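Some notes on the structure that comes next.
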Amino acid sequence: MDYPKQRRLKLWGTATLGSIDDFQLTENQIPERGSVERIIQFTIDAVDENCPKHILKRYTDKEYGEKLLDAVREIQKLKDQVQQLKQKQNEIK
């Protein structure tokens with residue numbers, strides 16, 4: 001799923017679980033940190049890319065970042081204003 005770009009790719013196929021001894025890894029496949037414990041090999045039988053019409057745009061906090069923080073600050077500001085107005089209303093009564 002790629003929510004920001006409203007794209008989804010479906011893959012149909014078979015997965016085979018193997019041990020590290022079953023496969024010869026290339027230099028690019030060896031991780032910089034950690035170690036490879038298992039290999040999952042996929043055989044793809046079909047591919048389908050979905051229409052974006054019904055995929056909602058979603059963003060991570062990192063992607064949306066400052067705008068999300070601005071919205072949170074604005075909500076708090078409005079809550080404070082509502083509270084002040086309620087206090088003034090109670091003072092008038």
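Letters A, B, ... mark the chains of the structure tokens in the order given; residue numbers begin at 1 per chain; ligand numbers begin at 1, in order shown.
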Handout entry: Residues within 7 Å of Tyr3 of chain A, only C-alpha atoms, excluding chain neighbours under 3 positions, as a ChimeraX atom specification
Key = /A:6-7,56-59
Problem - Neighbour list for Val36 of chain A as number ranges by chain, cut-off 10 Å, only C-alpha atoms, skip fewer than 3 positions in-chain - result: A: 19-20, 25, 29-31, 33, 39
Practice task
Taking the DSSP assignment computed from this structure's backbone, write out as a ChimeraX atom specification all residues of chain A that belong to strand (DSSP E or B).
Solution key: /A:2,7,9-19,38-49
Kindly save the residues from that selection, with N, CA, C and O atoms included, as a JSON list (two decimals), in the first residue's frame.
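Result saved to selection-v6.json:
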[["chain", "number", "residue", "atom", "x", "y", "z"],
["A", 2, "ASP", "N", 0.52, 2.18, -0.82],
["A", 2, "ASP", "CA", 1.17, 3.48, -0.84],
["A", 2, "ASP", "C", 0.05, 4.50, -0.65],
["A", 2, "ASP", "O", -0.55, 4.96, -1.61],
["A", 7, "ARG", "N", -2.03, 4.16, -4.10],
["A", 7, "ARG", "CA", -1.72, 3.03, -4.97],
["A", 7, "ARG", "C", -1.64, 1.76, -4.14],
["A", 7, "ARG", "O", -1.17, 1.76, -3.02],
["A", 9, "LEU", "N", -0.76, -2.53, -4.85],
["A", 9, "LEU", "CA", -0.34, -3.57, -5.77],
["A", 9, "LEU", "C", -0.65, -4.91, -5.11],
["A", 9, "LEU", "O", -0.20, -5.19, -4.00],
["A", 10, "LYS", "N", -1.45, -5.73, -5.80],
["A", 10, "LYS", "CA", -1.78, -7.06, -5.29],
["A", 10, "LYS", "C", -0.92, -8.08, -6.03],
["A", 10, "LYS", "O", -0.78, -8.01, -7.25],
["A", 11, "LEU", "N", -0.38, -9.01, -5.27],
["A", 11, "LEU", "CA", 0.44, -10.08, -5.85],
["A", 11, "LEU", "C", -0.17, -11.42, -5.44],
["A", 11, "LEU", "O", -0.49, -11.61, -4.27],
["A", 12, "TRP", "N", -0.31, -12.31, -6.39],
["A", 12, "TRP", "CA", -0.77, -13.67, -6.11],
["A", 12, "TRP", "C", 0.36, -14.61, -6.44],
["A", 12, "TRP", "O", 1.03, -14.48, -7.47],
["A", 13, "GLY", "N", 0.59, -15.58, -5.57],
["A", 13, "GLY", "CA", 1.64, -16.52, -5.84],
["A", 13, "GLY", "C", 1.86, -17.47, -4.69],
["A", 13, "GLY", "O", 0.99, -17.65, -3.83],
["A", 14, "THR", "N", 3.04, -18.04, -4.67],
["A", 14, "THR", "CA", 3.40, -19.03, -3.66],
["A", 14, "THR", "C", 4.68, -18.59, -2.97],
["A", 14, "THR", "O", 5.60, -18.12, -3.62],
["A", 15, "ALA", "N", 4.70, -18.76, -1.66],
["A", 15, "ALA", "CA", 5.90, -18.45, -0.89],
["A", 15, "ALA", "C", 6.52, -19.76, -0.40],
["A", 15, "ALA", "O", 5.81, -20.65, 0.05],
["A", 16, "THR", "N", 7.83, -19.84, -0.50],
["A", 16, "THR", "CA", 8.56, -21.01, -0.03],
["A", 16, "THR", "C", 9.53, -20.54, 1.04],
["A", 16, "THR", "O", 10.31, -19.62, 0.82],
["A", 17, "LEU", "N", 9.45, -21.16, 2.21],
["A", 17, "LEU", "CA", 10.33, -20.82, 3.32],
["A", 17, "LEU", "C", 11.54, -21.73, 3.29],
["A", 17, "LEU", "O", 11.42, -22.95, 3.19],
["A", 18, "GLY", "N", 12.72, -21.13, 3.32],
["A", 18, "GLY", "CA", 13.95, -21.91, 3.29],
["A", 18, "GLY", "C", 14.95, -21.41, 4.31],
["A", 18, "GLY", "O", 14.77, -20.35, 4.91],
["A", 19, "SER", "N", 15.99, -22.15, 4.48],
["A", 19, "SER", "CA", 17.04, -21.72, 5.41],
["A", 19, "SER", "C", 18.11, -20.96, 4.62],
["A", 19, "SER", "O", 18.16, -21.02, 3.40],
["A", 38, "ARG", "N", 16.28, -16.54, 7.80],
["A", 38, "ARG", "CA", 15.41, -17.32, 6.93],
["A", 38, "ARG", "C", 15.30, -16.62, 5.59],
["A", 38, "ARG", "O", 15.44, -15.41, 5.50],
["A", 39, "ILE", "N", 14.99, -17.39, 4.59],
["A", 39, "ILE", "CA", 14.77, -16.86, 3.26],
["A", 39, "ILE", "C", 13.33, -17.22, 2.85],
["A", 39, "ILE", "O", 12.92, -18.37, 3.01],
["A", 40, "ILE", "N", 12.61, -16.25, 2.34],
["A", 40, "ILE", "CA", 11.28, -16.52, 1.78],
["A", 40, "ILE", "C", 11.37, -16.19, 0.30],
["A", 40, "ILE", "O", 11.66, -15.06, -0.09],
["A", 41, "GLN", "N", 11.14, -17.20, -0.51],
["A", 41, "GLN", "CA", 11.20, -17.02, -1.96],
["A", 41, "GLN", "C", 9.77, -17.02, -2.50],
["A", 41, "GLN", "O", 8.98, -17.90, -2.19],
["A", 42, "PHE", "N", 9.45, -15.99, -3.27],
["A", 42, "PHE", "CA", 8.11, -15.84, -3.82],
["A", 42, "PHE", "C", 8.10, -16.17, -5.31],
["A", 42, "PHE", "O", 8.96, -15.72, -6.05],
["A", 43, "THR", "N", 7.12, -16.96, -5.71],
["A", 43, "THR", "CA", 6.85, -17.21, -7.12],
["A", 43, "THR", "C", 5.56, -16.47, -7.44],
["A", 43, "THR", "O", 4.50, -16.82, -6.88],
["A", 44, "ILE", "N", 5.61, -15.45, -8.26],
["A", 44, "ILE", "CA", 4.46, -14.60, -8.55],
["A", 44, "ILE", "C", 3.70, -15.17, -9.74],
["A", 44, "ILE", "O", 4.28, -15.37, -10.81],
["A", 45, "ASP", "N", 2.40, -15.40, -9.56],
["A", 45, "ASP", "CA", 1.54, -15.92, -10.62],
["A", 45, "ASP", "C", 0.72, -14.83, -11.29],
["A", 45, "ASP", "O", 0.42, -14.93, -12.48],
["A", 46, "ALA", "N", 0.36, -13.80, -10.54],
["A", 46, "ALA", "CA", -0.47, -12.73, -11.10],
["A", 46, "ALA", "C", -0.22, -11.43, -10.34],
["A", 46, "ALA", "O", 0.16, -11.44, -9.17],
["A", 47, "VAL", "N", -0.45, -10.31, -11.02],
["A", 47, "VAL", "CA", -0.26, -8.98, -10.45],
["A", 47, "VAL", "C", -1.46, -8.12, -10.81],
["A", 47, "VAL", "O", -1.99, -8.22, -11.93],
["A", 48, "ASP", "N", -1.92, -7.29, -9.87],
["A", 48, "ASP", "CA", -3.03, -6.39, -10.15],
["A", 48, "ASP", "C", -2.78, -5.07, -9.42],
["A", 48, "ASP", "O", -2.45, -5.07, -8.23],
["A", 49, "GLU", "N", -2.91, -3.97, -10.14],
["A", 49, "GLU", "CA", -2.78, -2.65, -9.52],
["A", 49, "GLU", "C", -4.18, -2.07, -9.39],
["A", 49, "GLU", "O", -4.91, -1.98, -10.37]]
Exercise for the section: Report the residues of chain A whose backbone DSSP state falls under alpha helix (DSSP H), written as a ChimeraX atom specification. Expected result: /A:61-92
Take the residues that were just selected and, keeping N, CA, C and O atoms, output them as a short mmCIF file (atom, residue, chain, number, x, y, z; two decimals), in the first residue's frame.
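Final output, again-v7.cif:
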data_model
loop_
_atom_site.label_atom_id
_atom_site.label_comp_id
_atom_site.auth_asym_id
_atom_site.auth_seq_id
_atom_site.Cartn_x
_atom_site.Cartn_y
_atom_site.Cartn_z
N ASP A 61 3.27 10.50 10.68
CA ASP A 61 3.59 11.74 11.40
C ASP A 61 4.80 12.42 10.77
O ASP A 61 4.85 13.64 10.66
N LYS A 62 5.76 11.64 10.33
CA LYS A 62 6.96 12.21 9.72
C LYS A 62 6.62 12.92 8.41
O LYS A 62 7.11 14.00 8.12
N GLU A 63 5.74 12.28 7.60
CA GLU A 63 5.35 12.87 6.33
C GLU A 63 4.51 14.13 6.52
O GLU A 63 4.62 15.09 5.78
N TYR A 64 3.65 14.11 7.52
CA TYR A 64 2.74 15.23 7.72
C TYR A 64 3.31 16.25 8.70
O TYR A 64 2.99 17.43 8.66
N GLY A 65 4.17 15.74 9.59
CA GLY A 65 4.98 16.52 10.52
C GLY A 65 4.42 17.79 11.09
O GLY A 65 3.53 17.78 11.93
N GLU A 66 4.95 18.91 10.65
CA GLU A 66 4.65 20.22 11.24
C GLU A 66 3.18 20.58 11.10
O GLU A 66 2.62 21.20 12.00
N LYS A 67 2.54 20.21 10.01
CA LYS A 67 1.12 20.53 9.83
C LYS A 67 0.28 19.85 10.91
O LYS A 67 -0.67 20.42 11.43
N LEU A 68 0.63 18.62 11.26
CA LEU A 68 -0.07 17.91 12.32
C LEU A 68 0.12 18.61 13.66
O LEU A 68 -0.83 18.81 14.41
N LEU A 69 1.34 19.02 13.94
CA LEU A 69 1.60 19.73 15.19
C LEU A 69 0.87 21.07 15.23
O LEU A 69 0.35 21.47 16.27
N ASP A 70 0.82 21.77 14.09
CA ASP A 70 0.07 23.03 14.02
C ASP A 70 -1.41 22.81 14.33
O ASP A 70 -2.02 23.60 15.05
N ALA A 71 -1.97 21.74 13.80
CA ALA A 71 -3.38 21.44 14.04
C ALA A 71 -3.62 21.13 15.52
O ALA A 71 -4.61 21.60 16.10
N VAL A 72 -2.73 20.39 16.14
CA VAL A 72 -2.86 20.07 17.57
C VAL A 72 -2.78 21.34 18.40
O VAL A 72 -3.57 21.55 19.34
N ARG A 73 -1.86 22.24 18.06
CA ARG A 73 -1.75 23.52 18.78
C ARG A 73 -3.01 24.36 18.61
O ARG A 73 -3.49 24.99 19.56
N GLU A 74 -3.56 24.41 17.40
CA GLU A 74 -4.77 25.19 17.14
C GLU A 74 -5.96 24.63 17.91
O GLU A 74 -6.76 25.39 18.47
N ILE A 75 -6.07 23.31 17.98
CA ILE A 75 -7.15 22.69 18.76
C ILE A 75 -7.03 23.08 20.22
O ILE A 75 -8.03 23.42 20.86
N GLN A 76 -5.82 23.03 20.76
CA GLN A 76 -5.63 23.39 22.17
C GLN A 76 -5.98 24.86 22.40
O GLN A 76 -6.61 25.21 23.40
N LYS A 77 -5.58 25.72 21.49
CA LYS A 77 -5.89 27.15 21.58
C LYS A 77 -7.41 27.37 21.60
O LYS A 77 -7.93 28.14 22.42
N LEU A 78 -8.12 26.67 20.73
CA LEU A 78 -9.57 26.80 20.68
C LEU A 78 -10.23 26.25 21.94
O LEU A 78 -11.20 26.84 22.45
N LYS A 79 -9.71 25.17 22.47
CA LYS A 79 -10.24 24.62 23.72
C LYS A 79 -10.07 25.62 24.86
O LYS A 79 -10.96 25.80 25.69
N ASP A 80 -8.90 26.27 24.90
CA ASP A 80 -8.64 27.29 25.93
C ASP A 80 -9.63 28.45 25.81
O ASP A 80 -10.14 28.96 26.81
N GLN A 81 -9.89 28.88 24.57
CA GLN A 81 -10.83 29.98 24.34
C GLN A 81 -12.24 29.60 24.78
O GLN A 81 -12.95 30.40 25.39
N VAL A 82 -12.65 28.38 24.48
CA VAL A 82 -13.98 27.91 24.91
C VAL A 82 -14.06 27.91 26.43
O VAL A 82 -15.07 28.35 27.01
N GLN A 83 -13.02 27.45 27.08
CA GLN A 83 -13.00 27.43 28.54
C GLN A 83 -13.10 28.84 29.12
O GLN A 83 -13.84 29.08 30.08
N GLN A 84 -12.39 29.80 28.52
CA GLN A 84 -12.45 31.19 28.99
C GLN A 84 -13.85 31.76 28.81
O GLN A 84 -14.36 32.46 29.68
N LEU A 85 -14.47 31.46 27.67
CA LEU A 85 -15.84 31.96 27.43
C LEU A 85 -16.83 31.35 28.42
O LEU A 85 -17.74 32.03 28.89
N LYS A 86 -16.67 30.10 28.75
CA LYS A 86 -17.54 29.46 29.75
C LYS A 86 -17.38 30.11 31.11
O LYS A 86 -18.36 30.34 31.84
N GLN A 87 -16.13 30.43 31.47
CA GLN A 87 -15.89 31.09 32.76
C GLN A 87 -16.54 32.46 32.79
O GLN A 87 -17.15 32.85 33.80
N LYS A 88 -16.40 33.23 31.71
CA LYS A 88 -17.02 34.57 31.64
C LYS A 88 -18.54 34.45 31.72
O LYS A 88 -19.21 35.26 32.37
N GLN A 89 -19.09 33.44 31.05
CA GLN A 89 -20.54 33.23 31.07
C GLN A 89 -21.01 32.92 32.48
O GLN A 89 -22.04 33.42 32.94
N ASN A 90 -20.25 32.12 33.22
CA ASN A 90 -20.60 31.80 34.60
C ASN A 90 -20.50 33.00 35.52
O ASN A 90 -21.27 33.13 36.48
N GLU A 91 -19.55 33.91 35.24
CA GLU A 91 -19.39 35.11 36.05
C GLU A 91 -20.58 36.05 35.86
O GLU A 91 -20.99 36.76 36.79
N ILE A 92 -21.12 36.10 34.64
CA ILE A 92 -22.24 36.99 34.35
C ILE A 92 -23.52 36.50 35.04
O ILE A 92 -24.34 37.30 35.48
#
